[in-house]
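Asks: To be precise about what I am sending: the file is called query_22.cif and holds mmCIF, C-alpha atoms.
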data_run
loop_
_atom_site.label_atom_id
_atom_site.label_comp_id
_atom_site.auth_asym_id
_atom_site.auth_seq_id
_atom_site.Cartn_x
_atom_site.Cartn_y
_atom_site.Cartn_z
CA MET A 300 19.43 55.40 -17.97
CA ALA A 301 21.23 57.02 -15.06
CA ALA A 302 18.40 56.04 -12.69
CA SER A 303 18.62 52.43 -13.91
CA SER A 304 22.37 52.42 -13.36
CA GLN A 305 21.97 53.80 -9.83
CA LEU A 306 19.33 51.18 -9.01
CA SER A 307 21.59 48.39 -10.29
CA GLU A 308 24.47 49.72 -8.22
CA TYR A 309 22.27 49.88 -5.11
CA LEU A 310 20.89 46.38 -5.55
CA PHE A 311 24.00 44.55 -6.77
CA GLY A 312 26.98 46.86 -6.25
CA TRP A 313 27.68 45.45 -2.80
CA PHE A 314 27.99 41.95 -4.29
CA ARG A 315 30.21 43.01 -7.18
CA LYS A 316 32.63 44.65 -4.74
CA THR A 317 32.74 41.57 -2.53
CA PRO A 318 36.02 39.55 -2.54
CA VAL A 319 35.88 36.16 -4.28
CA PRO A 320 36.13 34.05 -1.06
CA ALA A 321 33.12 35.88 0.38
CA ARG A 322 31.14 35.40 -2.84
CA ARG A 323 31.83 31.69 -2.79
CA ALA A 324 30.84 31.44 0.87
CA LEU A 325 27.58 33.26 0.13
CA LEU A 326 26.80 31.09 -2.90
CA ALA A 327 27.56 27.89 -0.96
CA SER A 328 25.19 28.96 1.81
CA CYS A 329 22.56 30.04 -0.72
CA PHE A 330 22.57 26.76 -2.61
CA GLY A 331 22.74 24.76 0.61
CA TRP A 332 19.67 26.58 1.92
CA MET A 333 17.87 26.30 -1.43
CA LEU A 334 18.39 22.56 -1.57
CA ASP A 335 17.47 22.25 2.10
CA SER A 336 14.12 23.83 1.26
CA PHE A 337 13.79 21.65 -1.83
CA ASP A 338 14.25 18.43 0.13
CA VAL A 339 12.21 19.38 3.20
CA MET A 340 9.19 20.79 1.34
CA LEU A 341 8.81 17.72 -0.89
CA TYR A 342 6.97 16.13 2.04
CA ALA A 343 4.40 18.92 2.16
CA LEU A 344 3.90 18.83 -1.60
CA VAL A 345 3.12 15.09 -1.72
CA LEU A 346 1.43 14.93 1.69
CA ALA A 347 -2.11 14.40 0.36
CA HIS A 348 -0.87 11.36 -1.61
CA LEU A 349 1.15 10.03 1.34
CA MET A 350 -1.91 10.23 3.58
CA ARG A 351 -3.91 8.20 1.09
CA ASP A 352 -1.29 5.52 0.32
CA LEU A 353 0.00 5.06 3.87
CA SER A 354 -3.43 5.51 5.52
CA MET A 355 -2.43 8.53 7.61
CA SER A 356 -4.87 10.81 9.38
CA LYS A 357 -4.31 14.57 9.56
CA PRO A 358 -2.94 14.41 13.14
CA THR A 359 -0.54 11.59 12.19
CA ALA A 360 0.67 13.44 9.10
CA GLY A 361 1.16 16.55 11.24
CA LEU A 362 3.03 14.53 13.86
CA LEU A 363 5.57 13.39 11.25
CA GLY A 364 6.09 17.02 10.29
CA SER A 365 6.55 17.90 13.96
CA LEU A 366 9.13 15.13 14.41
CA THR A 367 11.12 16.53 11.48
CA LEU A 368 11.15 19.99 13.03
CA LEU A 369 12.05 18.62 16.45
CA ALA A 370 14.99 16.72 14.94
CA SER A 371 16.04 19.81 13.01
CA ALA A 372 16.19 21.75 16.26
CA PHE A 373 18.67 19.29 17.74
CA GLY A 374 20.52 19.16 14.44
CA GLY A 375 20.91 22.93 14.53
CA MET A 376 22.30 22.86 18.04
CA ILE A 377 24.69 20.00 17.28
CA PHE A 378 25.96 21.51 14.05
CA GLY A 379 26.24 24.94 15.65
CA VAL A 380 28.81 23.48 18.04
CA VAL A 381 30.49 21.60 15.18
CA ALA A 382 30.68 24.85 13.19
CA ASP A 383 32.30 26.69 16.13
CA ARG A 384 34.81 23.95 16.86
CA LEU A 385 35.62 22.33 13.49
CA GLY A 386 34.67 25.02 11.01
CA ARG A 387 31.67 26.53 9.22
CA THR A 388 32.28 24.68 5.95
CA VAL A 389 32.76 21.31 7.66
CA ALA A 390 29.35 21.61 9.33
CA LEU A 391 27.77 22.88 6.10
CA ARG A 392 29.01 19.91 4.07
CA ALA A 393 27.92 17.35 6.65
CA SER A 394 24.43 18.78 7.01
CA ILE A 395 23.83 18.87 3.24
CA LEU A 396 24.95 15.27 2.87
CA ILE A 397 22.67 14.07 5.66
CA TYR A 398 19.47 15.73 4.44
CA SER A 399 20.11 14.62 0.85
CA VAL A 400 20.60 10.95 1.68
CA PHE A 401 17.58 10.70 3.96
CA THR A 402 15.29 12.51 1.53
CA PHE A 403 16.13 9.74 -0.92
CA MET A 404 15.42 7.16 1.80
CA CYS A 405 11.93 8.61 2.32
CA GLY A 406 11.08 7.30 -1.14
CA LEU A 407 11.81 3.75 0.07
CA SER A 408 9.36 3.95 3.01
CA GLN A 409 6.89 1.08 3.28
CA ASN A 410 4.99 2.34 6.31
CA VAL A 411 4.50 5.33 8.57
CA PHE A 412 7.20 4.23 11.04
CA GLN A 413 9.89 4.03 8.36
CA LEU A 414 8.87 7.38 6.89
CA GLY A 415 8.97 8.98 10.34
CA LEU A 416 12.42 7.53 11.05
CA PHE A 417 13.86 8.85 7.78
CA ARG A 418 12.25 12.26 8.38
CA VAL A 419 13.95 12.48 11.77
CA PHE A 420 17.42 11.97 10.25
CA LEU A 421 16.55 14.38 7.44
CA GLY A 422 15.64 16.95 10.09
CA LEU A 423 19.07 16.68 11.72
CA GLY A 424 20.72 17.77 8.48
CA MET A 425 18.10 20.41 7.78
CA GLY A 426 18.69 22.14 11.13
CA GLY A 427 22.46 22.02 10.77
CA GLU A 428 22.52 23.82 7.43
CA TRP A 429 21.08 27.09 8.71
CA ALA A 430 23.34 27.40 11.77
CA SER A 431 26.54 26.86 9.79
CA GLY A 432 25.46 28.83 6.72
CA ALA A 433 24.27 31.87 8.67
CA ALA A 434 27.51 32.05 10.68
CA LEU A 435 29.59 31.66 7.49
CA VAL A 436 27.82 34.53 5.71
CA SER A 437 27.70 36.78 8.80
CA GLU A 438 31.47 36.58 9.27
CA TYR A 439 32.34 37.26 5.64
CA PHE A 440 30.25 40.44 5.30
CA PRO A 441 30.56 43.80 7.13
CA SER A 442 27.65 45.28 9.07
CA GLU A 443 26.50 47.60 6.26
CA HIS A 444 25.94 44.65 3.92
CA ARG A 445 25.25 41.81 6.36
CA GLY A 446 21.48 42.21 6.20
CA LYS A 447 21.50 42.19 2.40
CA ALA A 448 23.81 39.16 2.22
CA LEU A 449 21.72 37.15 4.68
CA GLY A 450 18.58 38.27 2.89
CA PHE A 451 20.03 36.99 -0.37
CA MET A 452 20.88 33.68 1.29
CA GLN A 453 17.47 33.37 2.95
CA SER A 454 15.68 34.15 -0.34
CA PHE A 455 16.95 30.89 -1.79
CA TRP A 456 14.50 29.04 0.47
CA ALA A 457 11.74 30.38 -1.77
CA VAL A 458 13.69 29.26 -4.85
CA GLY A 459 14.04 25.77 -3.38
CA TYR A 460 10.35 25.63 -2.46
CA ALA A 461 9.35 26.70 -6.00
CA LEU A 462 11.77 24.17 -7.50
CA ALA A 463 10.26 21.43 -5.32
CA ALA A 464 6.77 22.42 -6.52
CA LEU A 465 7.95 22.29 -10.14
CA VAL A 466 9.52 18.84 -9.71
CA THR A 467 6.35 17.63 -7.99
CA ALA A 468 4.18 18.89 -10.84
CA VAL A 469 6.34 17.04 -13.38
CA VAL A 470 7.23 13.84 -11.51
CA LEU A 471 4.24 13.12 -9.24
CA PRO A 472 1.56 12.52 -11.91
CA ARG A 473 3.91 10.31 -13.96
CA LEU A 474 6.05 8.38 -11.46
CA GLY A 475 4.40 8.85 -8.07
CA TRP A 476 5.51 10.28 -4.76
CA ARG A 477 8.42 7.86 -4.30
CA ALA A 478 10.19 9.21 -7.37
CA VAL A 479 9.71 12.74 -6.05
CA PHE A 480 11.75 11.84 -2.96
CA PHE A 481 14.40 10.08 -5.05
CA VAL A 482 15.19 13.38 -6.78
CA GLY A 483 16.20 14.70 -3.35
CA ILE A 484 19.58 12.95 -3.49
CA LEU A 485 20.91 15.47 -6.02
CA PRO A 486 21.89 18.19 -3.47
CA ALA A 487 24.64 15.88 -2.20
CA LEU A 488 26.70 16.86 -5.25
CA LEU A 489 27.09 20.38 -3.80
CA VAL A 490 29.32 19.00 -1.05
CA PHE A 491 32.20 18.40 -3.47
CA TRP A 492 32.20 22.03 -4.69
CA ILE A 493 32.11 23.43 -1.15
CA ARG A 494 35.03 21.21 -0.10
CA SER A 495 37.25 22.43 -2.95
CA LYS A 496 36.21 26.10 -3.30
CA VAL A 497 34.94 27.56 -0.02
CA GLU A 498 37.35 28.72 2.70
CA GLU A 499 36.77 29.23 6.40
CA PRO A 500 36.34 32.95 7.31
CA GLU A 501 39.35 34.70 8.85
CA LEU A 502 37.20 35.84 11.77
CA TRP A 503 36.57 32.21 12.74
CA LYS A 504 40.25 31.30 12.31
CA LYS A 505 41.32 34.14 14.60
CA SER A 506 38.66 33.18 17.12
CA ARG A 507 39.95 29.61 17.23
CA SER A 508 43.49 30.86 17.74
CA ALA A 509 42.33 33.14 20.52
CA VAL A 510 40.57 30.41 22.50
CA ALA A 511 43.40 27.89 22.15
CA PRO A 512 45.12 27.33 25.55
CA PRO A 513 48.26 29.52 25.69
CA ALA A 514 51.63 28.04 26.63
CA SER A 515 51.88 30.28 29.70
CA GLY A 516 49.94 33.24 31.02
CA GLY A 517 48.05 33.71 27.78
CA GLU A 518 45.51 36.41 27.25
CA THR A 519 41.82 35.86 27.69
CA ASP A 520 39.14 36.98 25.30
CA PRO A 521 38.20 40.66 25.23
CA GLN A 522 36.48 42.00 28.35
CA PRO A 523 32.76 42.64 28.28
CA MET A 524 31.47 45.93 26.95
CA ASP A 525 29.13 47.68 29.34
CA SER A 526 25.66 48.16 27.89
CA SER A 527 25.58 51.75 29.13
CA ARG A 528 28.40 52.78 26.79
CA GLN A 529 27.45 54.11 23.38
CA SER A 530 29.15 53.73 20.03
CA PRO A 531 30.36 56.84 18.14
CA GLU A 532 27.08 56.73 16.22
CA GLY A 533 25.09 56.62 19.46
CA LYS A 534 23.97 53.00 18.99
CA GLU A 535 23.52 50.89 22.10
CA LYS A 536 26.07 48.11 22.59
CA LEU A 537 25.06 44.80 24.10
CA VAL A 538 27.13 43.37 26.91
CA ARG A 539 29.78 40.99 25.59
CA PRO A 540 30.40 38.25 28.15
CA ASN A 541 33.86 36.97 28.91
CA SER A 542 34.93 33.75 27.25
CA SER A 543 35.48 31.03 29.83
CA PRO A 544 36.27 27.32 29.66
CA LYS A 545 32.53 26.95 29.18
CA ARG A 546 32.16 29.42 26.34
CA GLN A 547 28.42 28.77 26.06
CA SER A 548 28.00 30.71 29.33
CA ALA A 549 27.63 33.77 27.08
CA LEU A 550 24.13 32.57 26.33
CA ILE A 551 22.98 32.51 29.94
CA SER A 552 24.86 35.47 31.42
CA GLU A 553 22.76 37.85 33.46
CA GLN A 554 23.06 40.60 30.85
CA LEU A 555 21.98 38.47 27.90
CA LEU A 556 19.43 36.16 29.50
CA ARG A 557 16.45 38.45 28.95
CA VAL A 558 17.41 39.17 25.35
CA THR A 559 18.08 35.49 24.61
CA LEU A 560 14.68 34.47 25.99
CA ALA A 561 12.86 37.17 24.02
CA VAL A 562 14.68 36.31 20.78
CA THR A 563 14.00 32.60 21.25
CA LEU A 564 10.29 33.00 22.02
CA MET A 565 9.81 35.50 19.21
CA ASN A 566 11.45 33.09 16.79
CA ALA A 567 9.43 30.16 18.14
CA LEU A 568 6.16 31.91 17.36
CA THR A 569 7.21 32.99 13.87
CA MET A 570 8.31 29.44 13.09
CA PHE A 571 5.10 28.03 14.56
CA ALA A 572 3.16 30.24 12.18
CA TRP A 573 5.33 29.51 9.14
CA TRP A 574 5.46 25.74 9.50
CA GLY A 575 1.87 25.41 10.62
CA PHE A 576 0.79 27.18 7.44
CA ASN A 577 3.32 26.06 4.83
CA LEU A 578 3.54 22.39 5.73
CA TRP A 579 -0.23 22.06 5.38
CA LEU A 580 -0.86 24.52 2.55
CA PRO A 581 -0.19 22.11 -0.39
CA ALA A 582 -2.36 19.42 1.22
CA TYR A 583 -5.09 22.00 1.93
CA LEU A 584 -5.08 23.05 -1.71
CA SER A 585 -5.05 19.42 -2.92
CA MET A 586 -7.65 17.85 -0.64
CA SER A 587 -11.22 17.61 -1.86
CA PRO A 588 -13.83 20.01 -0.40
CA ASP A 589 -15.45 17.20 1.60
CA GLN A 590 -12.04 16.76 3.32
CA GLY A 591 -11.88 20.47 4.09
CA GLY A 592 -9.62 21.40 1.16
CA ILE A 593 -9.89 23.33 -2.10
CA GLY A 594 -9.67 20.36 -4.50
CA LEU A 595 -6.90 21.43 -6.90
CA GLY A 596 -4.97 18.92 -9.03
CA PRO A 597 -1.17 18.54 -8.79
CA GLY A 598 -0.50 20.99 -11.63
CA ALA A 599 -2.81 23.73 -10.34
CA MET A 600 -1.63 23.26 -6.76
CA SER A 601 2.04 23.48 -7.78
CA GLY A 602 1.34 26.51 -9.95
CA LEU A 603 -0.27 28.36 -7.07
CA ILE A 604 2.64 27.44 -4.78
CA ILE A 605 5.21 28.60 -7.37
CA PHE A 606 3.38 31.92 -7.81
CA MET A 607 3.36 32.32 -4.04
CA GLN A 608 7.13 31.85 -3.91
CA ALA A 609 7.60 34.98 -6.00
CA GLY A 610 6.18 36.95 -3.08
CA MET A 611 8.28 34.98 -0.62
CA TRP A 612 11.48 35.62 -2.60
CA LEU A 613 10.76 39.36 -2.80
CA GLY A 614 10.05 39.42 0.93
CA TYR A 615 13.39 37.81 1.71
CA ILE A 616 15.34 40.11 -0.60
CA SER A 617 13.63 43.36 0.37
CA PHE A 618 13.81 42.72 4.10
CA GLY A 619 17.60 42.79 4.01
CA PHE A 620 17.59 46.26 2.45
CA ILE A 621 14.74 47.47 4.66
CA SER A 622 16.33 46.25 7.90
CA ASP A 623 19.73 47.74 6.97
CA ARG A 624 17.99 51.08 6.37
CA LEU A 625 15.25 51.17 9.05
CA GLY A 626 16.72 48.81 11.65
CA ARG A 627 16.00 45.23 12.67
CA LYS A 628 13.22 45.94 15.17
CA ARG A 629 11.04 48.31 13.16
CA SER A 630 11.26 46.10 10.06
CA TYR A 631 10.53 42.85 11.90
CA VAL A 632 7.53 44.20 13.80
CA GLY A 633 6.03 45.77 10.69
CA PHE A 634 6.27 42.56 8.69
CA LEU A 635 4.77 40.46 11.48
CA LEU A 636 1.78 42.73 12.04
CA ILE A 637 0.94 42.91 8.34
CA ALA A 638 1.40 39.11 8.03
CA SER A 639 -1.19 38.64 10.77
CA VAL A 640 -3.74 40.71 8.85
CA PHE A 641 -3.19 38.95 5.51
CA MET A 642 -3.41 35.55 7.20
CA LEU A 643 -6.84 36.46 8.54
CA PHE A 644 -7.96 37.28 5.00
CA TYR A 645 -6.48 34.02 3.70
CA SER A 646 -8.28 31.98 6.37
CA GLN A 647 -11.63 33.10 4.99
CA ALA A 648 -10.84 32.74 1.26
CA ARG A 649 -11.99 29.70 -0.71
CA HIS A 650 -12.01 30.71 -4.38
CA PRO A 651 -8.76 29.68 -6.18
CA LEU A 652 -8.37 33.10 -7.84
CA LEU A 653 -8.63 34.90 -4.50
CA LEU A 654 -6.11 32.48 -2.99
CA LEU A 655 -3.84 33.10 -5.97
CA PHE A 656 -4.03 36.86 -5.34
CA LEU A 657 -3.53 36.70 -1.56
CA GLY A 658 -0.78 34.05 -1.63
CA PRO A 659 2.17 36.28 -2.61
CA PHE A 660 1.23 38.88 0.03
CA VAL A 661 0.94 36.25 2.76
CA ALA A 662 4.32 34.82 1.69
CA PHE A 663 5.99 38.27 1.40
CA PHE A 664 5.12 39.46 4.91
CA GLY A 665 4.78 36.03 6.53
CA THR A 666 8.27 34.90 5.51
CA GLY A 667 10.55 37.84 4.63
CA TYR A 668 11.35 38.67 8.26
CA PHE A 669 13.37 35.43 8.60
CA THR A 670 16.12 37.29 6.75
CA GLY A 671 16.72 39.40 9.82
CA PHE A 672 17.25 36.62 12.33
CA GLY A 673 20.77 35.70 11.20
CA ALA A 674 21.91 39.34 11.29
CA LEU A 675 20.20 39.97 14.64
CA THR A 676 21.81 37.04 16.42
CA ALA A 677 25.19 37.60 14.74
CA GLU A 678 25.16 41.14 16.15
CA ILE A 679 24.16 40.03 19.65
CA TYR A 680 26.72 37.27 20.28
CA PRO A 681 30.56 37.20 20.12
CA THR A 682 32.51 35.19 17.54
CA SER A 683 33.60 32.46 19.94
CA VAL A 684 30.00 31.28 20.45
CA ARG A 685 28.20 32.86 17.50
CA ALA A 686 27.24 29.72 15.58
CA THR A 687 26.39 27.93 18.83
CA ALA A 688 24.21 30.85 19.92
CA GLN A 689 22.50 31.06 16.55
CA GLY A 690 21.92 27.33 16.59
CA ILE A 691 20.48 27.37 20.11
CA THR A 692 18.22 30.43 19.79
CA TYR A 693 16.99 29.41 16.34
CA ASN A 694 16.50 25.75 17.15
CA THR A 695 15.12 26.09 20.66
CA GLY A 696 12.48 28.15 18.93
CA ARG A 697 12.12 25.32 16.46
CA ILE A 698 11.58 22.83 19.31
CA VAL A 699 8.64 24.91 20.52
CA SER A 700 7.34 25.40 16.99
CA ALA A 701 7.64 21.68 16.23
CA ALA A 702 4.15 21.34 17.64
CA ALA A 703 2.76 23.45 14.78
CA PRO A 704 2.19 20.73 12.12
CA PHE A 705 0.50 18.45 14.68
CA VAL A 706 -1.58 21.26 16.20
CA VAL A 707 -2.73 22.57 12.83
CA GLY A 708 -3.48 19.05 11.57
CA SER A 709 -5.50 18.26 14.70
CA LEU A 710 -7.41 21.55 14.53
CA ALA A 711 -8.07 21.02 10.83
CA GLN A 712 -9.49 17.59 11.67
CA THR A 713 -11.90 18.95 14.29
CA ARG A 714 -12.46 22.66 13.46
CA GLY A 715 -11.40 23.02 9.82
CA PHE A 716 -8.44 24.70 8.12
CA GLY A 717 -10.01 28.16 8.37
CA PHE A 718 -9.87 28.07 12.17
CA SER A 719 -6.29 26.72 12.05
CA PHE A 720 -5.19 29.67 9.93
CA VAL A 721 -6.73 32.11 12.42
CA VAL A 722 -4.54 30.53 15.13
CA ILE A 723 -1.54 31.12 12.85
CA ALA A 724 -2.50 34.80 12.49
CA ALA A 725 -2.55 35.07 16.29
CA ALA A 726 0.96 33.57 16.44
CA PHE A 727 2.28 36.29 14.10
CA LEU A 728 0.72 38.99 16.27
CA THR A 729 2.12 37.56 19.52
CA ALA A 730 5.60 37.26 18.00
CA ALA A 731 5.58 41.00 17.27
CA LEU A 732 4.87 41.72 20.94
CA PHE A 733 8.06 39.93 22.08
CA TRP A 734 10.14 42.56 20.28
CA ALA A 735 9.56 44.78 23.33
CA GLY A 736 12.40 42.82 24.96
CA ILE A 737 14.82 42.85 22.01
CA PRO A 738 17.20 45.81 21.41
CA GLU A 739 18.08 47.35 18.07
CA THR A 740 21.36 45.88 16.75
CA ALA A 741 21.67 47.32 13.24
CA GLY A 742 25.07 48.85 12.50
CA ARG A 743 27.06 46.91 15.07
CA THR A 744 30.50 45.68 14.07
CA LEU A 745 31.19 42.04 14.91
CA ASP A 746 33.95 41.53 17.48
#
Have the structure of the file written as C-alpha cells, please.
Replies:
Amino acid sequence: MAASSQLSEYLFGWFRKTPVPARRALLASCFGWMLDSFDVMLYALVLAHLMRDLSMSKPTAGLLGSLTLLASAFGGMIFGVVADRLGRTVALRASILIYSVFTFMCGLSQNVFQLGLFRVFLGLGMGGEWASGAALVSEYFPSEHRGKALGFMQSFWAVGYALAALVTAVVLPRLGWRAVFFVGILPALLVFWIRSKVEEPELWKKSRSAVAPPASGGETDPQPMDSSRQSPEGKEKLVRPNSSPKRQSALISEQLLRVTLAVTLMNALTMFAWWGFNLWLPAYLSMSPDQGGIGLGPGAMSGLIIFMQAGMWLGYISFGFISDRLGRKRSYVGFLLIASVFMLFYSQARHPLLLLFLGPFVAFFGTGYFTGFGALTAEIYPTSVRATAQGITYNTGRIVSAAAPFVVGSLAQTRGFGFSFVVIAAAFLTAALFWAGIPETAGRTLD
C-alpha cells in the first residue's frame, strides 16, 4: 500500500501541486496537440481509399503528405513569432481554428488539387500549435518538472492518433472518407475554452515588458552568460546572447550557431523517420499484397494502429521522467538507437500477429524522444526568443523532413515498403550521431 502511494506521488504528485493556471495551460496544450494529431492523421488512415477514389499514385499521395509538412514548417515559424509578440494563447487558439476548419474542407475535395490546397492550409495550423503550446508549458513549469509536463503534453499525440483510428473504424465503412474529414471540425470548440480559462504565463509578460522601448536610457536584456562558467551544481551553461532590435539574432550568434544546426538536423532526421513511417503505415497495412501491403480491412488496420498507440503513449510519458533523471542527451540517444533496431525488424515482418507485437515497441522508442525536444530548446534559448527559436529549429527540421512521405512513397513504388522502412531505420541511427554536437541542458533554470 505504501509502495503504491509512493508510486502515485512520483507519477502524479508534481501535477497535483501545480497551481491552477499552470494546470489549465498544460491541459489546453495537451488537448490542442491531441486534436492536432487527430486531424492530421485522418489523412493517413483513409489514404488507401483516397488513392483509389481520386486516382492517386503512391508518389502523388506522398507528395500531398510532404506539402502538408512543408506548410506546417512555415506555420510553426509564423506562429512562433506570433506567440512571442502577441501571446502564447493567442497563437494557440488561431492554430487550432485553422487546422480544424481545413480538415473539414478536405472532406469537400473533388480532385487532387483541391485536397492538396486544403492540406497546405491545414499544415499551417498544425505547425503553429506545437510552437505555441510547447512555449506555454515550458514557461509555466520549473526545470525539475518541465520534462514531465512536456512529456504529458506530447503523449496526447498518441491519444489523438488512436482516437482518429477509432473514428475511422466506425465512420469509414459506413459513411466513407469524406465523413471522416467532416468530424475534424470538432476541435474548433476548444478555442472558446482556451480564450476564457487560460492565462498568459508571467514569464512571457515580464519578457514583453523588458523588451518594450524605455522612455529614456532604459535597461537592456541581461548580458550573456559565458559558457565556461558553471552553475552551483556543476552543469554547463549555454551562452545567452544579448537581446537587440533584431531579437532573432540569438539564433545565429557565434556561440549558438553550432548547437542550433545540430539540434535542427537531429530533429529533421527524427521527423523524417517518424513521418515517413507513420504517414504510410495505415496504407501499408490496408493495401492488398499485390500492391505491396498486408491486406487488412479498416477494422483490423485501425485496431493494430490503436494498439500501437499504447506503446507510443508510454514512450512519451516515460521519456519525460527518464530525461529528467538521466539527462536529455543520454535518453535521446538511447531511444533513437533502439528505434533503429526495432525498425529493421519491422521492415522484414509480414505476418499481422508479428506486426501487432512489434508495433508498440517501434512506437515507444521511435516516438517517445519527441517529448525531450520542447524541454531541450526551452533550456537553450532565452525567453525573448524562445517560441521563435522553438518554431524555427523544430520547423526547419520539418522542412527537411517534408520530403519523407514523397521519398517513402516513391521507394515503395519501385523497391517495396520493406526497403523504405530500412531507410527509416538509417535515419534514426544518423539522428543519434548528431547529438555529438548538442550539450546536456537538464536542470537549467529558464531566464
Asks: For the interface of range 335-411 of chain A with range 690-698 of chain A (cut-off 9 Å, counting all atoms listed in the file), please tabulate each contacting residue of range 335-411 of chain A alongside its nearest pair of atoms and their separation in Å to one decimal, rows sorted by chain and increasing number, as a tab-separated table.
Replies:
residue	atom	partner	partner_atom	distance
A:Ser365	CA	A:Ile698	CA	8.8
A:Leu368	CA	A:Arg697	CA	6.4
A:Leu369	CA	A:Ile698	CA	5.1
A:Ala370	CA	A:Ile698	CA	8.2
A:Ser371	CA	A:Asn694	CA	7.3
A:Ala372	CA	A:Asn694	CA	4.1
A:Phe373	CA	A:Asn694	CA	6.8
A:Gly374	CA	A:Asn694	CA	8.2
A:Gly375	CA	A:Gly690	CA	5.0
A:Met376	CA	A:Gly690	CA	4.7
A:Ile377	CA	A:Gly690	CA	7.9
A:Phe378	CA	A:Gly690	CA	7.5
A:Gly379	CA	A:Gly690	CA	5.0
A:Val380	CA	A:Gly690	CA	8.0
Asks: Starting from the point (-10.2, 18.2, -3.8), work out which residues of protein, DNA or RNA have an atom no more than 12 Å away when counting only C-alpha atoms; state them as a PDB file with C-alpha atoms, keeping the file's coordinate frame.
Replies:
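The result, written out as result.pdb:
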ATOM      1  CA  ALA A 347      -2.110  14.400   0.360  1.00  0.00           C
ATOM      2  CA  HIS A 348      -0.870  11.360  -1.610  1.00  0.00           C
ATOM      3  CA  PRO A 581      -0.190  22.110  -0.390  1.00  0.00           C
ATOM      4  CA  ALA A 582      -2.360  19.420   1.220  1.00  0.00           C
ATOM      5  CA  TYR A 583      -5.090  22.000   1.930  1.00  0.00           C
ATOM      6  CA  LEU A 584      -5.080  23.050  -1.710  1.00  0.00           C
ATOM      7  CA  SER A 585      -5.050  19.420  -2.920  1.00  0.00           C
ATOM      8  CA  MET A 586      -7.650  17.850  -0.640  1.00  0.00           C
ATOM      9  CA  SER A 587     -11.220  17.610  -1.860  1.00  0.00           C
ATOM     10  CA  PRO A 588     -13.830  20.010  -0.400  1.00  0.00           C
ATOM     11  CA  ASP A 589     -15.450  17.200   1.600  1.00  0.00           C
ATOM     12  CA  GLN A 590     -12.040  16.760   3.320  1.00  0.00           C
ATOM     13  CA  GLY A 591     -11.880  20.470   4.090  1.00  0.00           C
ATOM     14  CA  GLY A 592      -9.620  21.400   1.160  1.00  0.00           C
ATOM     15  CA  ILE A 593      -9.890  23.330  -2.100  1.00  0.00           C
ATOM     16  CA  GLY A 594      -9.670  20.360  -4.500  1.00  0.00           C
ATOM     17  CA  LEU A 595      -6.900  21.430  -6.900  1.00  0.00           C
ATOM     18  CA  GLY A 596      -4.970  18.920  -9.030  1.00  0.00           C
ATOM     19  CA  PRO A 597      -1.170  18.540  -8.790  1.00  0.00           C
ATOM     20  CA  ALA A 599      -2.810  23.730 -10.340  1.00  0.00           C
ATOM     21  CA  MET A 600      -1.630  23.260  -6.760  1.00  0.00           C
ATOM     22  CA  PRO A 651      -8.760  29.680  -6.180  1.00  0.00           C
TER      23      PRO A 651
END
Asks: Determine the residue membership of the PyMOL selection byres ((chain A and resi 475-488) around 10) for the file above and supply it as a PyMOL selection string.
Replies: chain A and resi 330-331+333-335+337-339+341-342+344-346+348-349+352+392-408+463+466-474+489-493
Asks: Tell me which of A:Leu732, A:Leu675, A:Ala702, A:Val389 sits closest to Leu366 in chain A, counting all atoms listed in the file.
Replies: A:Ala702
Asks: Do you have the CA of Met340 in chain A-CA of Tyr460 in chain A distance handy?
Replies: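 These two atoms are separated by 6.3 Å.
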Asks: I need the output of the PyMOL selection byres ((chain A and resi 606-609) around 10) for this file as a PyMOL selection string; which residues are they?
Replies: chain A and resi 454+456-462+464+601-605+610-614+654-663+666
Asks: By how many Å are CA of Arg351 in chain A and CA of Gly708 in chain A apart?
Replies: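 Separation of CA of Arg351 in chain A and CA of Gly708 in chain A: 15.1 Å.
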Asks: Interatomic distance between CA of Ser719 in chain A and CA of Asn577 in chain A?
Replies: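 Interatomic distance here is 12.0 Å.
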Asks: Which of these residues is nearest to Pro358 in chain A, using only C-alpha atoms: A:Trp579, A:Phe641, A:Phe417, A:Gly626?
Replies: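 Distance minimum relative to Pro358 in chain A lands on A:Trp579.
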Asks: Can you tell me, as a list in words, what residues are no more than 10 Å from Val411 in chain A when counting all atoms listed in the file, ignoring any on the same chain fewer than 5 positions away?
Replies: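 The residues that qualify are Leu349, Met350, Leu353, Ser354, Met355, Thr359, Ala360, Leu363 and Leu416 of chain A.
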Asks: Which residues, named as in the file, does the PyMOL selection byres ((chain A and resi 723) around 8) pick out? Answer as a PyMOL selection string.
Replies: chain A and resi 571-573+575-576+639+642+719-722+724-727
Asks: Write out, as a compact mmCIF listing (two decimals), in the frame of the given file, the residues just selected, with C-alpha atoms.
Replies:
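Saved the output as selection.txt:
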# COMPACT_ATOMS: atom_id res chain seq x y z
CA PHE A 571 5.10 28.03 14.56
CA ALA A 572 3.16 30.24 12.18
CA TRP A 573 5.33 29.51 9.14
CA GLY A 575 1.87 25.41 10.62
CA PHE A 576 0.79 27.18 7.44
CA SER A 639 -1.19 38.64 10.77
CA MET A 642 -3.41 35.55 7.20
CA SER A 719 -6.29 26.72 12.05
CA PHE A 720 -5.19 29.67 9.93
CA VAL A 721 -6.73 32.11 12.42
CA VAL A 722 -4.54 30.53 15.13
CA ALA A 724 -2.50 34.80 12.49
CA ALA A 725 -2.55 35.07 16.29
CA ALA A 726 0.96 33.57 16.44
CA PHE A 727 2.28 36.29 14.10
Asks: Set up a box along x, y and z of the file covering all listed atoms of range 645-654 of chain A, add 3 Å on every one of the six sides, and write the centre and edge lengths in Å to one decimal, as AutoDock Vina command-line options.
Replies:
--center_x -9.1 --center_y 32.3 --center_z -0.7 --size_x 11.9 --size_y 11.2 --size_z 20.2
Asks: Would you mind telling me which residue in A:Ala648, A:Leu421, A:Val558, A:Ala343 lies nearest to Thr676 in chain A when using only C-alpha atoms?
Replies: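 The closest residue to Thr676 in chain A is A:Val558.
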Asks: Which one of A:Ala327, A:Met425, A:Ala433, A:Leu362 sits closest to Ala677 in chain A if you count all atoms listed in the file?
Replies: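 Selected residue with least distance to Ala677 in chain A: A:Ala433.
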